[in-house]
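These notes are about the structure you will find just below.
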Amino acid sequence: MGSILGSQKFREIFFQALVLSVVAALLVTMVMNTRASLEAQSLTTGFGFLERATGWDFSFSVLPYSISDPYKKTILIGFLNTLLLGFLGISLATIIGIVIGLIRTSKNALFSLLGTVYVEIFRNVPLILQGIFWYAIVSHLPRPKAALSLGDTVFLSGRGLYFPVLNIALWSVALMILLFVAWLFFLPWLRERMNHSTNYHVIKRIGWILLPVIMVVIGYLARTPDTPLLNMPALKGLNFRGGMRMPPELSALVIAIALYGGAYIGEVVRSGLMSVPKGQIEAGFVNGLKPRHIFSRIRLPLAIRAVLPSLTNQYVQLMKATTIGIVVGFSDLFMIISTSINQSGQTLELLAILMGGFLLINLSIAFVMNSINKKIALKGYEVKS
């Protein structure tokens with residue numbers, strides 16, 4: 001018995017189990033007290049309210065919606081709206097950040113100064129103020145009859161951005177995205193199994209050729225019958241009909257998140273480019289590589305490896321920043337949950353759904369980015385093969 005108590009491993013396991021037991025007891029006590037308090041106030045608990053109709057409407061939805069739909073569909077729409085806003089904002093912020101990072105490391109003094117001014121302005125102004133500022137600009141654009149047009153296919157007005165959209169079912173778009181993501185995950189697995197053989201490269205080329213063909217076939221089979229492939233927006237009366245509409249709330253938030261996130265990502269990219277050892281760049285020159293080849297084959301790959309962990313943090317922060325949509329009336333997950341709390345009174349359940357939704361999104365981002373980081377990491381003393 002004394003030998004067991006004297007074991008360091010036993011003591012570690014014992015104290016960890018003790019801490020977990022205390023935490024579990026505290027959680028059980030909190031849940032029981034909360035439930036008793038709610039019952040004393042005649043407040044119901046549980047998730048049965050998700051089947052009830054909401055009875056209220058909101059401005060934007062990626063899925064068809066009516067006020068008779070239940071809370072579960074309304075929350076799903078808010079979740080999808082948040083994903084759409086986050087995807088658009090992060091994608092544009094990444095593009096802007098790469099451009100700013102390159103400008104900041106440029107030897108041209110004017111370009112470097114402009115990049116610095118951009119970073120200092122958009123990084124130091126609160127994101128919520130930027131969202132309100134861009135919403136004030138977007139919502140005061142010309143009316144539909146005087147809308148700005150691009151080739152009579154894209155129109156920009158105070159009621160939103162209108163552009164052509166494919167006349168295909170929504171499920172086919174989801175299926176195309178799943179196929180593309182599955183192919184991206186399949187390639188690394190296939191590369192490891194076939195060990196970079198000639199057959200792997202043949203299969204890879206055939207796959208990249210067949211993938212768009214399969215997507216076109218799916219889109220053609222899923223298109224709405226007796227309609228043109230493209231649904232074009234057109235001015236009818238006082239507003240546009242047809243096509244796809246991006247409301248001013250979404251447009252303003254995408255611009256704000258893209259510009260704000262681009263400033264931070266630009267600094268991350270700049271630090272990554274600056275971290276590449278000069279000796280490797282000079283070795284490229286010695287071996288006769290041109291500047292563009294040195295950038296694409298030496299500097300950029302090494303910079304990507306260096307910035308991925310920081311870039312993951314920025315992506316998670318920008319996804320959490322989508323909650324500013326409530327200040328301009330965008331129906332994201334945070335706004336939908338807030339309205340649902342006011343209408344149903346199910347505060348704890350809805351807050352749990354809100355936290356769970358953002359945990360799911362951000363953990364997925366971290367998982368994907370960490371997987372990419374692990375795949376491209378250089379094998380050495382610090383990385384196990």
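In the structure tokens, each chain is lettered A, B, ... as it comes, each chain's residues begin at 1, and ligands are numbered from 1 in order of appearance.
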
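Residues in contact with Leu230 in chain A at up to 9 Å, not including ones fewer than 4 positions away on its chain and judged by only C-alpha atoms, are A:Pro164, A:Val165, A:Leu166, A:Asn167, A:Ile168, A:Gly243.
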
Checklist entry - With distances taken over only C-alpha atoms, which of A:Pro64, A:Gly89, A:Gly78, A:Gly97 is nearest to Ser340 in chain A? => result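 Among the listed residues, the smallest separation from Ser340 in chain A belongs to A:Gly78.
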
Pick out each residue of range 209-359 of chain A that DSSP on the backbone tags as alpha helix (DSSP H); I need them as a PDB file with C-alpha atoms, in the first residue's frame.
ATOM      1  CA  ILE A 209     -10.707  16.881 -65.169  1.00  0.00           C
ATOM      2  CA  LEU A 210     -13.702  14.756 -64.148  1.00  0.00           C
ATOM      3  CA  LEU A 211     -14.669  16.799 -61.073  1.00  0.00           C
ATOM      4  CA  PRO A 212     -15.947  19.887 -62.971  1.00  0.00           C
ATOM      5  CA  VAL A 213     -17.629  17.627 -65.530  1.00  0.00           C
ATOM      6  CA  ILE A 214     -19.522  15.824 -62.749  1.00  0.00           C
ATOM      7  CA  MET A 215     -20.509  19.168 -61.203  1.00  0.00           C
ATOM      8  CA  VAL A 216     -21.851  20.426 -64.544  1.00  0.00           C
ATOM      9  CA  VAL A 217     -23.894  17.231 -64.964  1.00  0.00           C
ATOM     10  CA  ILE A 218     -25.320  17.565 -61.433  1.00  0.00           C
ATOM     11  CA  GLY A 219     -26.211  21.194 -62.062  1.00  0.00           C
ATOM     12  CA  TYR A 220     -27.880  20.372 -65.374  1.00  0.00           C
ATOM     13  CA  LEU A 221     -29.957  17.560 -63.863  1.00  0.00           C
ATOM     14  CA  PRO A 248     -27.058  46.016 -47.821  1.00  0.00           C
ATOM     15  CA  GLU A 249     -26.649  44.602 -44.294  1.00  0.00           C
ATOM     16  CA  LEU A 250     -24.686  41.624 -45.583  1.00  0.00           C
ATOM     17  CA  SER A 251     -22.686  43.751 -48.028  1.00  0.00           C
ATOM     18  CA  ALA A 252     -21.681  46.241 -45.334  1.00  0.00           C
ATOM     19  CA  LEU A 253     -20.615  43.504 -42.926  1.00  0.00           C
ATOM     20  CA  VAL A 254     -18.588  41.655 -45.571  1.00  0.00           C
ATOM     21  CA  ILE A 255     -16.763  44.889 -46.462  1.00  0.00           C
ATOM     22  CA  ALA A 256     -16.106  45.732 -42.802  1.00  0.00           C
ATOM     23  CA  ILE A 257     -14.851  42.256 -41.849  1.00  0.00           C
ATOM     24  CA  ALA A 258     -12.753  41.978 -45.025  1.00  0.00           C
ATOM     25  CA  LEU A 259     -11.020  45.339 -44.527  1.00  0.00           C
ATOM     26  CA  TYR A 260     -10.591  44.891 -40.779  1.00  0.00           C
ATOM     27  CA  GLY A 261      -9.372  41.305 -41.058  1.00  0.00           C
ATOM     28  CA  GLY A 262      -7.195  42.175 -44.061  1.00  0.00           C
ATOM     29  CA  ALA A 263      -5.176  44.568 -41.884  1.00  0.00           C
ATOM     30  CA  TYR A 264      -4.403  41.852 -39.326  1.00  0.00           C
ATOM     31  CA  ILE A 265      -3.791  39.132 -41.902  1.00  0.00           C
ATOM     32  CA  GLY A 266      -1.539  41.546 -43.796  1.00  0.00           C
ATOM     33  CA  GLU A 267       0.673  41.864 -40.733  1.00  0.00           C
ATOM     34  CA  VAL A 268       0.697  38.077 -40.311  1.00  0.00           C
ATOM     35  CA  VAL A 269       1.741  37.619 -43.949  1.00  0.00           C
ATOM     36  CA  ARG A 270       4.388  40.332 -43.648  1.00  0.00           C
ATOM     37  CA  SER A 271       5.907  38.690 -40.576  1.00  0.00           C
ATOM     38  CA  GLY A 272       5.924  35.338 -42.379  1.00  0.00           C
ATOM     39  CA  LEU A 273       7.705  36.764 -45.413  1.00  0.00           C
ATOM     40  CA  MET A 274      10.211  38.550 -43.194  1.00  0.00           C
ATOM     41  CA  LYS A 278      18.130  35.590 -46.171  1.00  0.00           C
ATOM     42  CA  GLY A 279      20.613  32.786 -46.707  1.00  0.00           C
ATOM     43  CA  GLN A 280      18.019  30.679 -48.490  1.00  0.00           C
ATOM     44  CA  ILE A 281      17.017  33.576 -50.725  1.00  0.00           C
ATOM     45  CA  GLU A 282      20.667  34.261 -51.562  1.00  0.00           C
ATOM     46  CA  ALA A 283      21.143  30.551 -52.295  1.00  0.00           C
ATOM     47  CA  GLY A 284      18.351  30.816 -54.832  1.00  0.00           C
ATOM     48  CA  PHE A 285      20.095  33.703 -56.568  1.00  0.00           C
ATOM     49  CA  VAL A 286      23.367  31.796 -56.568  1.00  0.00           C
ATOM     50  CA  PRO A 291      13.126  36.605 -58.565  1.00  0.00           C
ATOM     51  CA  ARG A 292       9.629  35.249 -59.311  1.00  0.00           C
ATOM     52  CA  HIS A 293      10.872  31.676 -58.918  1.00  0.00           C
ATOM     53  CA  ILE A 294      12.601  32.538 -55.649  1.00  0.00           C
ATOM     54  CA  LEU A 300       6.218  31.826 -50.220  1.00  0.00           C
ATOM     55  CA  PRO A 301       6.232  28.118 -49.164  1.00  0.00           C
ATOM     56  CA  LEU A 302       8.388  28.873 -46.121  1.00  0.00           C
ATOM     57  CA  ALA A 303       6.232  31.892 -45.217  1.00  0.00           C
ATOM     58  CA  ILE A 304       3.042  29.815 -45.425  1.00  0.00           C
ATOM     59  CA  ARG A 305       4.472  27.281 -42.977  1.00  0.00           C
ATOM     60  CA  ALA A 306       5.365  30.098 -40.591  1.00  0.00           C
ATOM     61  CA  VAL A 307       2.029  31.965 -40.683  1.00  0.00           C
ATOM     62  CA  LEU A 308      -0.513  29.117 -40.545  1.00  0.00           C
ATOM     63  CA  PRO A 309      -0.820  28.987 -36.711  1.00  0.00           C
ATOM     64  CA  SER A 310      -1.324  32.763 -36.488  1.00  0.00           C
ATOM     65  CA  LEU A 311      -3.650  32.677 -39.480  1.00  0.00           C
ATOM     66  CA  THR A 312      -5.809  30.094 -37.708  1.00  0.00           C
ATOM     67  CA  ASN A 313      -6.223  32.452 -34.758  1.00  0.00           C
ATOM     68  CA  GLN A 314      -7.207  35.288 -37.088  1.00  0.00           C
ATOM     69  CA  TYR A 315      -9.806  33.148 -38.859  1.00  0.00           C
ATOM     70  CA  VAL A 316     -11.368  32.159 -35.540  1.00  0.00           C
ATOM     71  CA  GLN A 317     -11.418  35.803 -34.399  1.00  0.00           C
ATOM     72  CA  LEU A 318     -13.046  36.956 -37.639  1.00  0.00           C
ATOM     73  CA  MET A 319     -15.696  34.239 -37.399  1.00  0.00           C
ATOM     74  CA  LYS A 320     -16.548  35.386 -33.879  1.00  0.00           C
ATOM     75  CA  LEU A 333     -27.052  33.297 -35.535  1.00  0.00           C
ATOM     76  CA  PHE A 334     -26.507  35.812 -32.723  1.00  0.00           C
ATOM     77  CA  MET A 335     -29.454  37.996 -33.791  1.00  0.00           C
ATOM     78  CA  ILE A 336     -31.736  34.993 -34.355  1.00  0.00           C
ATOM     79  CA  ILE A 337     -30.899  33.622 -30.895  1.00  0.00           C
ATOM     80  CA  SER A 338     -31.406  37.054 -29.275  1.00  0.00           C
ATOM     81  CA  THR A 339     -34.824  37.451 -30.893  1.00  0.00           C
ATOM     82  CA  SER A 340     -35.765  33.869 -30.001  1.00  0.00           C
ATOM     83  CA  ILE A 341     -34.908  34.521 -26.344  1.00  0.00           C
ATOM     84  CA  ASN A 342     -37.188  37.562 -26.293  1.00  0.00           C
ATOM     85  CA  GLN A 343     -40.022  35.657 -27.991  1.00  0.00           C
ATOM     86  CA  SER A 344     -39.813  32.272 -26.249  1.00  0.00           C
ATOM     87  CA  THR A 347     -32.781  31.711 -22.298  1.00  0.00           C
ATOM     88  CA  LEU A 348     -30.526  28.908 -21.096  1.00  0.00           C
ATOM     89  CA  GLU A 349     -31.378  26.520 -23.922  1.00  0.00           C
ATOM     90  CA  LEU A 350     -30.887  29.136 -26.627  1.00  0.00           C
ATOM     91  CA  LEU A 351     -27.618  30.368 -25.138  1.00  0.00           C
ATOM     92  CA  ALA A 352     -26.404  26.767 -25.082  1.00  0.00           C
ATOM     93  CA  ILE A 353     -27.326  26.436 -28.778  1.00  0.00           C
ATOM     94  CA  LEU A 354     -25.511  29.697 -29.551  1.00  0.00           C
ATOM     95  CA  MET A 355     -22.341  28.617 -27.756  1.00  0.00           C
ATOM     96  CA  GLY A 356     -22.516  25.160 -29.294  1.00  0.00           C
ATOM     97  CA  GLY A 357     -22.901  26.637 -32.785  1.00  0.00           C
ATOM     98  CA  PHE A 358     -19.832  28.824 -32.489  1.00  0.00           C
ATOM     99  CA  LEU A 359     -17.858  26.015 -30.873  1.00  0.00           C
TER     100      LEU A 359
END

Checklist entry - Could you pull out the strand (DSSP E or B) residues of range 33-273 of chain A from DSSP and send them as a ChimeraX atom specification? => result /A:53,70,148-150,154-157,160-163,165-166,168,223,230-231,234-236,239-241,244-246

Checklist entry - Which residues come within 12 Å of Lys204 in chain A, counting only C-alpha atoms, excluding same-chain residues fewer than 5 positions away, as a list in words? => result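 Returned residues: Trp183, Leu184, Phe186, Leu187, Pro188, Trp189, Leu190, Arg191, Met194, His196, Ser197, Thr198, Asn199, Ile209, Leu210 and Leu211 of chain A.
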
Would you save the residues of that selection, restricted to C-alpha atoms, as a compact mmCIF listing (two decimals), in the first residue's frame?
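As written to disk, result08.txt reads:
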# COMPACT_ATOMS: atom_id res chain seq x y z
CA TRP A 183 -11.82 15.28 -53.24
CA LEU A 184 -9.49 17.64 -51.37
CA PHE A 186 -9.04 12.19 -50.65
CA LEU A 187 -5.92 13.48 -52.42
CA PRO A 188 -3.58 13.49 -49.37
CA TRP A 189 -4.79 10.01 -48.38
CA LEU A 190 -4.21 8.73 -51.91
CA ARG A 191 -0.76 10.35 -52.06
CA MET A 194 0.54 5.39 -53.47
CA HIS A 196 3.87 9.76 -55.01
CA SER A 197 3.95 7.12 -57.73
CA THR A 198 3.27 7.80 -61.40
CA ASN A 199 -0.20 6.28 -61.05
CA ILE A 209 -10.71 16.88 -65.17
CA LEU A 210 -13.70 14.76 -64.15
CA LEU A 211 -14.67 16.80 -61.07

Next on the checklist: I want to know what sits within 12 Å of Asp69 in chain A, based on only C-alpha atoms, with residues of the same chain fewer than 5 positions away left out; could you give that as a list in words?
Outcome noted: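 My list of contacting residues is Leu50, Glu51, Arg52, Ala53, Thr54, Gly55, Trp56, Asp57, Leu63, Pro64, Thr74, Ile75, Leu76 and Ile77 of chain A.
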
Item to check | Residue among A:Ala17, A:Met32, A:Thr322, A:Thr227 lying closest to Ile361 in chain A, counting only C-alpha atoms | outcome: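 Using only C-alpha atoms, the shortest distance to Ile361 in chain A belongs to A:Thr322.
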
Checklist entry - In Å, how far is it from CA of Ser172 in chain A to CA of Asp226 in chain A? => result 17.7 Å

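Compared by their closest atoms to Gln346 in chain A, and using only C-alpha atoms, the residues A:Ile128, A:Gly158, A:Phe185, A:Phe49 rank with A:Phe49 nearest.
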